[in-house]
Amino acid sequence: MNGAAYPPQAHDREELMPRAEQGAPANAVVAEPEAEELARLRARVANLEAQSAQQAADRPVRTFVSGRYRSTEGEKLLELRVDVDGPRPMGRISGDFFQTSGATTNYVGSFVVEAPSVVSGDGVVKLAGRGKFSFPAVSPHVEVAVVVDPVAAPRPGPATVQFSNDGAAPSATYLCTFASPHFRTVQLEQDSVAGTIPFVSYNTGSLAQPPSSPARVLNVPAAYAEAGIQMQIAGTPDVISTGAAGPDLKWNDAELHNAMVNHFSLWRDAPLWQVWQLVATAYEDSTVRGIMFDFGGSFQRQGCAVFHNLIQGDDPVSRRAQLRTYVHELGHAFNLLHSWDKNSADPPQPLGPNGGLGDLSWMNYVQNYKPLPPAPGGAAAYWAEFPFQFTDSELVHVRHGFYRDVVMGGNPFGVGAAEVDADLFGDPVIDHSGLTLELRSKETFRLGEPVVVELKLATSDLRGCTTFSRLHPKDGYVNIAIRPPSGQVKAYRPALIRCADGDDQTVLDTARPAIYDSAYIGYGRDGLYFQQPGRYQLRAQYCAADGSRVISQVHQLTVRAPHSDEDENVADLMLGDEQGTLFYLLGSRSESLTSGNEALGQVLERYSDHPLAVYPRLVKGFNAARDFKDLTADKTLRIRCGNPDESISELNRVVNASTGDQGVDNITLGQVMRRLAHVAAEAGDPQRATQVMDRMVDVFRGKNLNPHVMREIETQAEQTKAAVTRP
C-alpha cells in the first residue's frame, strides 16, 4: 500500500517544519526568508493532507467475504463456508447439504474446494474450483459469486453458488445470505463439581511467549473464535454438590460415562453442535488432566472432563495450564487427535515436524514437545514458541471437515482410522530407535471371550533409552491394527481418550529392560471387534519420545466357533455393546447398562462353571469393590456404596481360576490381586491383604517369568503391602 495514501503522522509533520517554528512562541517574529520557507512548507503540508483525505474518500472500505452463508429457500438447503481472506485464511470453500421434509431436516452430504481461484471486480468476488464430495457427484465444479457492497461494509452481500460439470450449464444453484463471520457455531454447557473453580481467562502476555504472538486475554470461547469457531455458553453453569461423596472425589470411567448419559441437558443421541464439559476434582489416575469419555451409543464425542486438582490456582502458570487443558479436551470433541496421532484421523491429517511431536498446537502435550534437532524441546521451549492457536491442518479440519467428521455426535472419534492402509504399519526401512515392541496374547479365544493383548516395549540399546511409559491404546501412544477373517484392516479405537500431561517417561536399561501393559481390545468406538469366528492378524505401532515409530511383529490369534449349545448360549450372552462397555469399564451401575449387567448375570446364574464365567466375575468383583458416584438427571450426586464382601468373593474366584493356564492373563491377574488386597484392607482386614500379596508373589513364581518381571511383581507386592498397612 502506497504510504502517500495516508495522512502524515505527527512526527512527519514536525520533520517538515523548521526547528525555529517548532520552538517559537505564537507571537514570535520570524525573519522574512524564514517566513517564506515556512509558508511554502505549510502549503505543502496542506496539499498532502487534502490529497490523503480525497484518496481515503475514494478508496472503498475493505469487505472480507470469509464466513458462513446459508440458503433459506427450497427443500434442499446449503450451508456455505468461504475461507479466502480475513484472519488466517485456509484457502477453502466448503459446505454441507441438508434436506427438509415437513418439520424435519436431514443431513445429505458435504463438499470442499481446496485452493479455489479468486477474482475480484465490479463489486463481486468470484471463486471457483473442483470440489471433493462426501458422495458421488455428477457436478463437481463449484462457482461462488459474493456481492461486495462498500456501503454495507464490512458485511458481505449474498452469495450465489452454482454446481456444474466442469463449466457446463449449472445443475444446481443456491442463493445464500451471509450468516456469520464464524465458520461454525457450537453450544458449550459447562458444569462443575463443588470445590472446583472453573477457568475464566488468561492474559497471554503474563508469561514468556513468542514475540510474533500478540498479548491478549483469552478464555475458551475466545480461543475458538480465533480458530473461526463461535462457542456459545449454553444456559447457566451448575455447581454439583458433592454431598455424601466424602473425601474420595476421584472419578473413574464408569462414573464419567454415567454422568454423560444422565446429566448433559443438551445431550441427544444425535449429531448436534453441542458439547458438555465437566470440571471435576480428580481422575483415578492422578496424572490425568482431562479425558474425552463420551462413547455411549452410536453418537459420540459429546462430552469431556477436565480435572481441577492438577491445574488449580490463580497464578499465571496455573491459568495458562487451565486454558490449554480446557481447549485441548474440547478439541477432541471436534474429532481432533493428538498431534502425533493425526494421521489416524478422517480424513487423515498430515503429521507436523518430527512425527507431530514438534507441533506448536493446543493438541500437543507440553512436556512432549520435541522439534527437529538441534532445536530444544520440552515445556519451556513449547511455551516460548507456542502462539496459542491450532495448526493450519487442524484449522482446515474444524472449519471445513465434512459435517459428520466434525459435528459432536457424528462419526466416532478418529473414524478415518477404520480403514487402515496395510502399509501404515509396514516395516521401517531404517530403525535406529533402540526399541522393540511386542504384541502377544494366547493363541485361541472362545467366541464371546474378551480379547486381551499384552504389549511389551523393550530396549535393544544397552546404554539405555528414555521414552514414553504408557502403552495402553487409550493413552494415545500405541495404535493396533486388526485384520479380521473378512480381510479388511481396521484400527482399534479405544472407547475413551485420556490425556496425561504429567512426566510419563521412563528409562529402559539393563536394570529395567522392558515395560509391559495389557489392553482389552474386544470393544471400542466401532463396537465389537472379534464377533466373527476365524483367524485374526494384529500389529501394533508405538510412538516413541523422539518421534520414532516402532512396529511390532504380526501377531495371529484365532476365535474359535462354539463347540456346544452351552458355548453358543454363553457367547450370545457375552456379546453386545452394553456387555462390551462393561468389560471396558470393568463394571458400572449405570441404569443405561442394565441389559448388559443382566446378560452377564445370566452367565453366572446358568453357566457358572463355564470357562468364560471368569470374565463376568471379574466385572462384578471390580464393580462391587468401589463406591459409585451417580450424577442423576436432576444434577444430584448420589453415592452408591460398594459391597466389599461380594467383591472379595468374586475376585477370589477369579484368582483361583487363573493360577494355571486358564482364566485371565497375567497382567490382569496381578491387577485383580492388588485390587483384592485393597478391598480386604478397606474392609478392616489388613492381615488378609498382606496374605493376598504374598500369594501373588508365589503364584507368579510358579509361572516361570523373566527375572526382571518377577522383580517388578515383588516390588508391586511390597508397595501394596505398605499402602494397605499404612495408618
# chains A, B, ... in the order shown; residues from 1 in each chain; ligands from 1
>>> residues_around(residues="Pro350 of chain A", least_positions_apart="5", cutoff="8 Å", atoms="only C-alpha atoms", output="PyMOL selection string")
chain A and resi 342-343+393
>>> write_last_selection(atoms="N, CA, C and O atoms", output="tab-separated table (two decimals), in the first residue's frame")
chain	number	residue	atom	x	y	z
A	342	LYS	N	-2.35	-37.65	14.41
A	342	LYS	CA	-3.32	-37.05	13.49
A	342	LYS	C	-3.46	-37.82	12.18
A	342	LYS	O	-4.46	-37.69	11.50
A	343	ASN	N	-2.47	-38.63	11.83
A	343	ASN	CA	-2.59	-39.39	10.58
A	343	ASN	C	-3.61	-40.51	10.69
A	343	ASN	O	-3.91	-41.18	9.71
A	393	SER	N	-3.45	-27.42	9.57
A	393	SER	CA	-4.22	-28.62	9.22
A	393	SER	C	-5.38	-28.83	10.18
A	393	SER	O	-6.45	-29.30	9.78
>>> residues_around(residues="Arg539 of chain A", least_positions_apart="3", cutoff="12 Å", atoms="only C-alpha atoms", output="PyMOL selection string")
chain A and resi 420+422-427+437-441+453-455+478-484+489-492+536+542+550-557
>>> write_last_selection(atoms="N, CA, C and O atoms", output="short mmCIF file (atom, residue, chain, number, x, y, z; two decimals), in the first residue's frame")
data_model
loop_
_atom_site.label_atom_id
_atom_site.label_comp_id
_atom_site.auth_asym_id
_atom_site.auth_seq_id
_atom_site.Cartn_x
_atom_site.Cartn_y
_atom_site.Cartn_z
N VAL A 420 -7.58 -48.83 7.37
CA VAL A 420 -6.15 -48.57 7.53
C VAL A 420 -5.40 -49.18 6.36
O VAL A 420 -5.58 -50.34 6.03
N ALA A 422 -2.59 -51.00 4.73
CA ALA A 422 -1.71 -52.03 5.31
C ALA A 422 -0.29 -51.50 5.47
O ALA A 422 0.45 -51.94 6.35
N ASP A 423 0.11 -50.55 4.61
CA ASP A 423 1.46 -50.01 4.70
C ASP A 423 1.64 -49.08 5.89
O ASP A 423 2.76 -48.71 6.22
N LEU A 424 0.52 -48.67 6.53
CA LEU A 424 0.64 -47.77 7.67
C LEU A 424 1.51 -48.38 8.75
O LEU A 424 2.30 -47.70 9.39
N PHE A 425 1.39 -49.69 8.93
CA PHE A 425 2.18 -50.38 9.93
C PHE A 425 3.26 -51.23 9.26
O PHE A 425 3.63 -52.29 9.75
N GLY A 426 3.71 -50.78 8.09
CA GLY A 426 4.76 -51.53 7.41
C GLY A 426 6.09 -51.37 8.11
O GLY A 426 6.33 -50.45 8.89
N ASP A 427 7.01 -52.30 7.83
CA ASP A 427 8.32 -52.26 8.47
C ASP A 427 9.09 -51.02 8.03
O ASP A 427 9.11 -50.67 6.85
N LEU A 437 9.02 -53.53 20.01
CA LEU A 437 7.64 -53.63 20.50
C LEU A 437 7.12 -55.03 20.20
O LEU A 437 7.26 -55.53 19.09
N GLU A 438 6.54 -55.64 21.21
CA GLU A 438 5.98 -56.99 21.05
C GLU A 438 4.51 -56.97 21.43
O GLU A 438 4.12 -56.43 22.47
N LEU A 439 3.70 -57.55 20.57
CA LEU A 439 2.27 -57.70 20.80
C LEU A 439 1.98 -59.19 20.89
O LEU A 439 2.34 -59.95 19.99
N ARG A 440 1.34 -59.62 21.99
CA ARG A 440 1.10 -61.05 22.15
C ARG A 440 -0.17 -61.30 22.93
O ARG A 440 -0.71 -60.42 23.60
N SER A 441 -0.65 -62.50 22.82
CA SER A 441 -1.83 -62.95 23.55
C SER A 441 -1.84 -64.47 23.47
O SER A 441 -0.98 -65.07 22.83
N VAL A 453 -4.83 -58.30 24.98
CA VAL A 453 -3.48 -58.48 24.45
C VAL A 453 -2.49 -57.88 25.43
O VAL A 453 -2.82 -57.00 26.23
N GLU A 454 -1.26 -58.38 25.35
CA GLU A 454 -0.17 -57.85 26.16
C GLU A 454 0.80 -57.11 25.27
O GLU A 454 1.14 -57.57 24.17
N LEU A 455 1.23 -55.94 25.70
CA LEU A 455 2.20 -55.12 24.98
C LEU A 455 3.49 -55.06 25.77
O LEU A 455 3.47 -54.80 26.98
N VAL A 478 0.04 -45.81 21.41
CA VAL A 478 0.02 -47.11 20.73
C VAL A 478 -1.25 -47.23 19.89
O VAL A 478 -2.35 -46.97 20.38
N ASN A 479 -1.08 -47.62 18.64
CA ASN A 479 -2.20 -47.97 17.77
C ASN A 479 -2.10 -49.45 17.43
O ASN A 479 -0.99 -49.98 17.25
N ILE A 480 -3.24 -50.10 17.31
CA ILE A 480 -3.28 -51.52 16.97
C ILE A 480 -4.15 -51.70 15.75
O ILE A 480 -5.31 -51.27 15.73
N ALA A 481 -3.60 -52.32 14.72
CA ALA A 481 -4.35 -52.64 13.50
C ALA A 481 -4.83 -54.08 13.58
O ALA A 481 -4.10 -54.97 14.04
N ILE A 482 -6.06 -54.31 13.14
CA ILE A 482 -6.68 -55.63 13.21
C ILE A 482 -7.16 -56.04 11.83
O ILE A 482 -7.92 -55.30 11.19
N ARG A 483 -6.71 -57.20 11.36
CA ARG A 483 -7.23 -57.76 10.11
C ARG A 483 -8.13 -58.94 10.47
O ARG A 483 -7.64 -60.01 10.84
N PRO A 484 -9.45 -58.78 10.37
CA PRO A 484 -10.37 -59.88 10.72
C PRO A 484 -10.43 -60.91 9.59
O PRO A 484 -9.80 -60.72 8.53
N VAL A 489 -8.68 -54.38 6.86
CA VAL A 489 -7.92 -53.96 8.03
C VAL A 489 -8.63 -52.80 8.73
O VAL A 489 -9.07 -51.84 8.10
N LYS A 490 -8.74 -52.91 10.04
CA LYS A 490 -9.31 -51.86 10.87
C LYS A 490 -8.31 -51.47 11.94
O LYS A 490 -7.44 -52.26 12.30
N ALA A 491 -8.46 -50.28 12.44
CA ALA A 491 -7.66 -49.85 13.58
C ALA A 491 -8.52 -49.94 14.83
O ALA A 491 -9.67 -49.51 14.82
N TYR A 492 -7.95 -50.49 15.88
CA TYR A 492 -8.66 -50.48 17.15
C TYR A 492 -8.68 -49.06 17.68
O TYR A 492 -7.64 -48.40 17.81
N TYR A 536 -7.43 -63.97 13.03
CA TYR A 536 -7.21 -62.54 13.03
C TYR A 536 -5.71 -62.26 13.03
O TYR A 536 -4.93 -63.00 13.66
N TYR A 542 3.99 -48.03 17.96
CA TYR A 542 4.24 -47.21 19.15
C TYR A 542 4.98 -45.95 18.74
O TYR A 542 5.94 -45.99 17.96
N VAL A 550 7.76 -47.32 16.23
CA VAL A 550 8.25 -48.68 16.47
C VAL A 550 7.12 -49.65 16.17
O VAL A 550 6.02 -49.51 16.69
N ILE A 551 7.41 -50.64 15.33
CA ILE A 551 6.38 -51.56 14.83
C ILE A 551 6.59 -52.94 15.45
O ILE A 551 7.71 -53.44 15.53
N SER A 552 5.51 -53.56 15.86
CA SER A 552 5.60 -54.93 16.38
C SER A 552 5.59 -55.93 15.23
O SER A 552 5.36 -55.58 14.07
N GLN A 553 5.82 -57.17 15.57
CA GLN A 553 5.64 -58.24 14.61
C GLN A 553 4.14 -58.44 14.37
O GLN A 553 3.31 -57.94 15.12
N VAL A 554 3.79 -59.16 13.33
CA VAL A 554 2.39 -59.51 13.09
C VAL A 554 2.02 -60.66 14.03
O VAL A 554 2.70 -61.69 14.06
N HIS A 555 1.00 -60.45 14.81
CA HIS A 555 0.55 -61.46 15.77
C HIS A 555 -0.76 -62.07 15.27
O HIS A 555 -1.64 -61.36 14.78
N GLN A 556 -0.89 -63.37 15.39
CA GLN A 556 -2.08 -64.06 14.93
C GLN A 556 -2.80 -64.72 16.10
O GLN A 556 -2.17 -65.26 17.02
N LEU A 557 -4.12 -64.63 16.08
CA LEU A 557 -4.95 -65.33 17.05
C LEU A 557 -6.18 -65.86 16.35
O LEU A 557 -6.56 -65.38 15.28
#
>>> atom_distance(atom1="atom CA of Ala689 of chain A", atom2="atom CA of Ile667 of chain A")
18.8 Å
>>> residues_around(residues="Tyr523 of chain A", least_positions_apart="3", cutoff="6 Å", atoms="only C-alpha atoms", output="PDB file with N, CA and C atoms, in the first residue's frame")
ATOM      1  N   GLY A 527     -17.525 -50.534  18.252  1.00  0.00           N
ATOM      2  CA  GLY A 527     -18.296 -51.656  18.777  1.00  0.00           C
ATOM      3  C   GLY A 527     -17.403 -52.847  19.043  1.00  0.00           C
ATOM      4  N   LEU A 528     -17.902 -54.039  18.707  1.00  0.00           N
ATOM      5  CA  LEU A 528     -17.170 -55.283  18.954  1.00  0.00           C
ATOM      6  C   LEU A 528     -16.241 -55.594  17.784  1.00  0.00           C
ATOM      7  N   GLY A 580     -19.835 -55.206  26.075  1.00  0.00           N
ATOM      8  CA  GLY A 580     -18.511 -54.707  25.733  1.00  0.00           C
ATOM      9  C   GLY A 580     -18.145 -53.481  26.555  1.00  0.00           C
TER      10      GLY A 580
END
>>> select_by_dssp(residues="segment 70-228 of chain A", states="helix (DSSP H, G or I)", output="ChimeraX atom specification")
/A:150-152,220-225
